[in-house]
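Below is one structure, written out as structure tokens, with a few remarks after it.
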Amino acid sequence: MAFDMIKAEEIINQAFAIFPVETVCLEILQKGISEIGELWYQNKASVQQEHFTSALAIRRIESLITSTPNPIRVQRLIAGCPSGEEHTFPVLLLTLLLRRKGINVIYLGADIPLEQMEHTAASIHPTLIVLAAQRLTTAAAILSTAQLAQRLGIPLAYGGHIFSHLPAL
């Protein structure tokens, strides 16, 4: 909240020195991102504080992904966010956790355009497509991708804050 990157990095480094990667990522980074998002929603944190915190956590997850050993399983997954979705932390974290289990995850990031997904799927040959949406409007964009995936015979998994917040979706 105080934009103190040095102190934040020290705390994260200490946590990684003491606890397993999964524990730090789920109990500190993920819960921290969720908490700051809630504070932003309640107008108790600024957009800048939320972006600073998210960027810090995302950089750490990306560095962990980079240092993960090569996949040992034959399955290939596509992971990313549907068109319009910019909040990548949850699917980036999932990418890390799956890669640590030896799964080959092709992370495509934010705002994946549906128009190019068929070509991407044809070149990657995934066994599963995973999409994460945080807002209702971007959750709606998953439907078109699900229809495409079904036509291509590729299973699709999805999740995100909006599905936890509105389970009826």
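Each chain in the structure tokens gets a letter, A, B and so on, in the order shown; residues start at 1 in every chain, and ligands are counted from 1 in the order they appear.
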Discussion item. Give me, as an MDAnalysis selection string, the residues of segment 1-165 of chain A that a backbone DSSP run labels strand (DSSP E or B).
Written reply: chainID A and resid 76:82 104:112 128:132 156:159
What are the closest atom pairs, with distances in Å to one decimal, for each residue of segment 38-84 of chain A lying within 7 Å of segment 107-130 of chain A, using only C-alpha atoms, rows by chain and rising residue number, as CSV?
residue,atom,partner,partner_atom,distance
A:Gln75,CA,A:Thr127,CA,5.9
A:Arg76,CA,A:Pro126,CA,4.8
A:Leu77,CA,A:Leu128,CA,5.0
A:Ile78,CA,A:Ile129,CA,4.7
A:Ala79,CA,A:Val130,CA,4.7
A:Gly80,CA,A:Gly109,CA,4.7
A:Cys81,CA,A:Ala110,CA,4.9
A:Pro82,CA,A:Ile112,CA,5.2
A:Ser83,CA,A:Asp111,CA,4.2
A:Gly84,CA,A:Asp111,CA,4.9
Discussion item. Which residues are near segment 47-50 of chain A? Cut-off 8 Å, only C-alpha atoms, ignore same chain within fewer than 5 positions. Put them as a list of chain:residue names.
Written reply: A:Met1, A:Ala2, A:Phe3, A:Ile33, A:Ile36, A:Gly37, A:Trp40
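Comparing A:Pro155, A:Ile162, A:Val74, A:Ala132 by their smallest distance to Thr95 of chain A, the closest is A:Ala132 (using only C-alpha atoms).
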Worksheet item: Got a sec: who's within 9 Å of Ile28 of chain A, counting only C-alpha atoms, leaving out chain neighbours fewer than 4 positions off, as a list in words?
Response: Ile12, Ala15, Thr23, Val24, Gly32 and Ile33 of chain A
Could those selected residues go to a file with all heavy atoms, as an mmCIF file, in the first residue's frame?
data_model
loop_
_atom_site.group_PDB
_atom_site.id
_atom_site.type_symbol
_atom_site.label_atom_id
_atom_site.label_comp_id
_atom_site.auth_asym_id
_atom_site.auth_seq_id
_atom_site.Cartn_x
_atom_site.Cartn_y
_atom_site.Cartn_z
ATOM 1 N N ILE A 12 8.626 -11.070 0.603
ATOM 2 C CA ILE A 12 8.367 -12.203 -0.294
ATOM 3 C C ILE A 12 9.565 -13.149 -0.305
ATOM 4 O O ILE A 12 9.407 -14.375 -0.252
ATOM 5 C CB ILE A 12 8.021 -11.712 -1.713
ATOM 6 C CG1 ILE A 12 6.670 -10.981 -1.696
ATOM 7 C CG2 ILE A 12 7.965 -12.873 -2.701
ATOM 8 C CD1 ILE A 12 6.350 -10.244 -2.981
ATOM 9 N N ALA A 15 9.544 -15.204 2.787
ATOM 10 C CA ALA A 15 8.498 -16.226 2.717
ATOM 11 C C ALA A 15 8.949 -17.409 1.864
ATOM 12 O O ALA A 15 8.765 -18.572 2.251
ATOM 13 C CB ALA A 15 7.206 -15.620 2.163
ATOM 14 N N THR A 23 2.713 -22.600 -1.247
ATOM 15 C CA THR A 23 2.176 -21.924 -0.068
ATOM 16 C C THR A 23 2.314 -20.417 -0.188
ATOM 17 O O THR A 23 1.359 -19.668 0.056
ATOM 18 C CB THR A 23 2.887 -22.419 1.211
ATOM 19 O OG1 THR A 23 2.692 -23.833 1.323
ATOM 20 C CG2 THR A 23 2.351 -21.727 2.450
ATOM 21 N N VAL A 24 3.487 -19.954 -0.585
ATOM 22 C CA VAL A 24 3.710 -18.508 -0.721
ATOM 23 C C VAL A 24 2.806 -17.933 -1.800
ATOM 24 O O VAL A 24 2.177 -16.888 -1.614
ATOM 25 C CB VAL A 24 5.186 -18.195 -1.031
ATOM 26 C CG1 VAL A 24 5.391 -16.705 -1.265
ATOM 27 C CG2 VAL A 24 6.084 -18.688 0.102
ATOM 28 N N GLY A 32 -3.118 -11.718 -1.140
ATOM 29 C CA GLY A 32 -2.798 -10.289 -1.153
ATOM 30 C C GLY A 32 -3.433 -9.570 -2.324
ATOM 31 O O GLY A 32 -4.002 -8.485 -2.171
ATOM 32 N N ILE A 33 -3.359 -10.167 -3.501
ATOM 33 C CA ILE A 33 -3.978 -9.586 -4.697
ATOM 34 C C ILE A 33 -5.485 -9.491 -4.504
ATOM 35 O O ILE A 33 -6.113 -8.486 -4.841
ATOM 36 C CB ILE A 33 -3.652 -10.430 -5.948
ATOM 37 C CG1 ILE A 33 -2.176 -10.346 -6.285
ATOM 38 C CG2 ILE A 33 -4.504 -10.029 -7.143
ATOM 39 C CD1 ILE A 33 -1.714 -9.003 -6.737
#
Discussion item. Just list as number ranges by chain whatever in segment 33-127 of chain A DSSP marks as alpha helix (DSSP H).
Written reply: A: 33-41, 47-66, 89-100, 117-124
Worksheet item: Of the residues A:Ala141, A:Ala8, A:Leu96, A:Val91, which is the one nearest to Ile61 of chain A, using only C-alpha atoms?
Response: A:Leu96
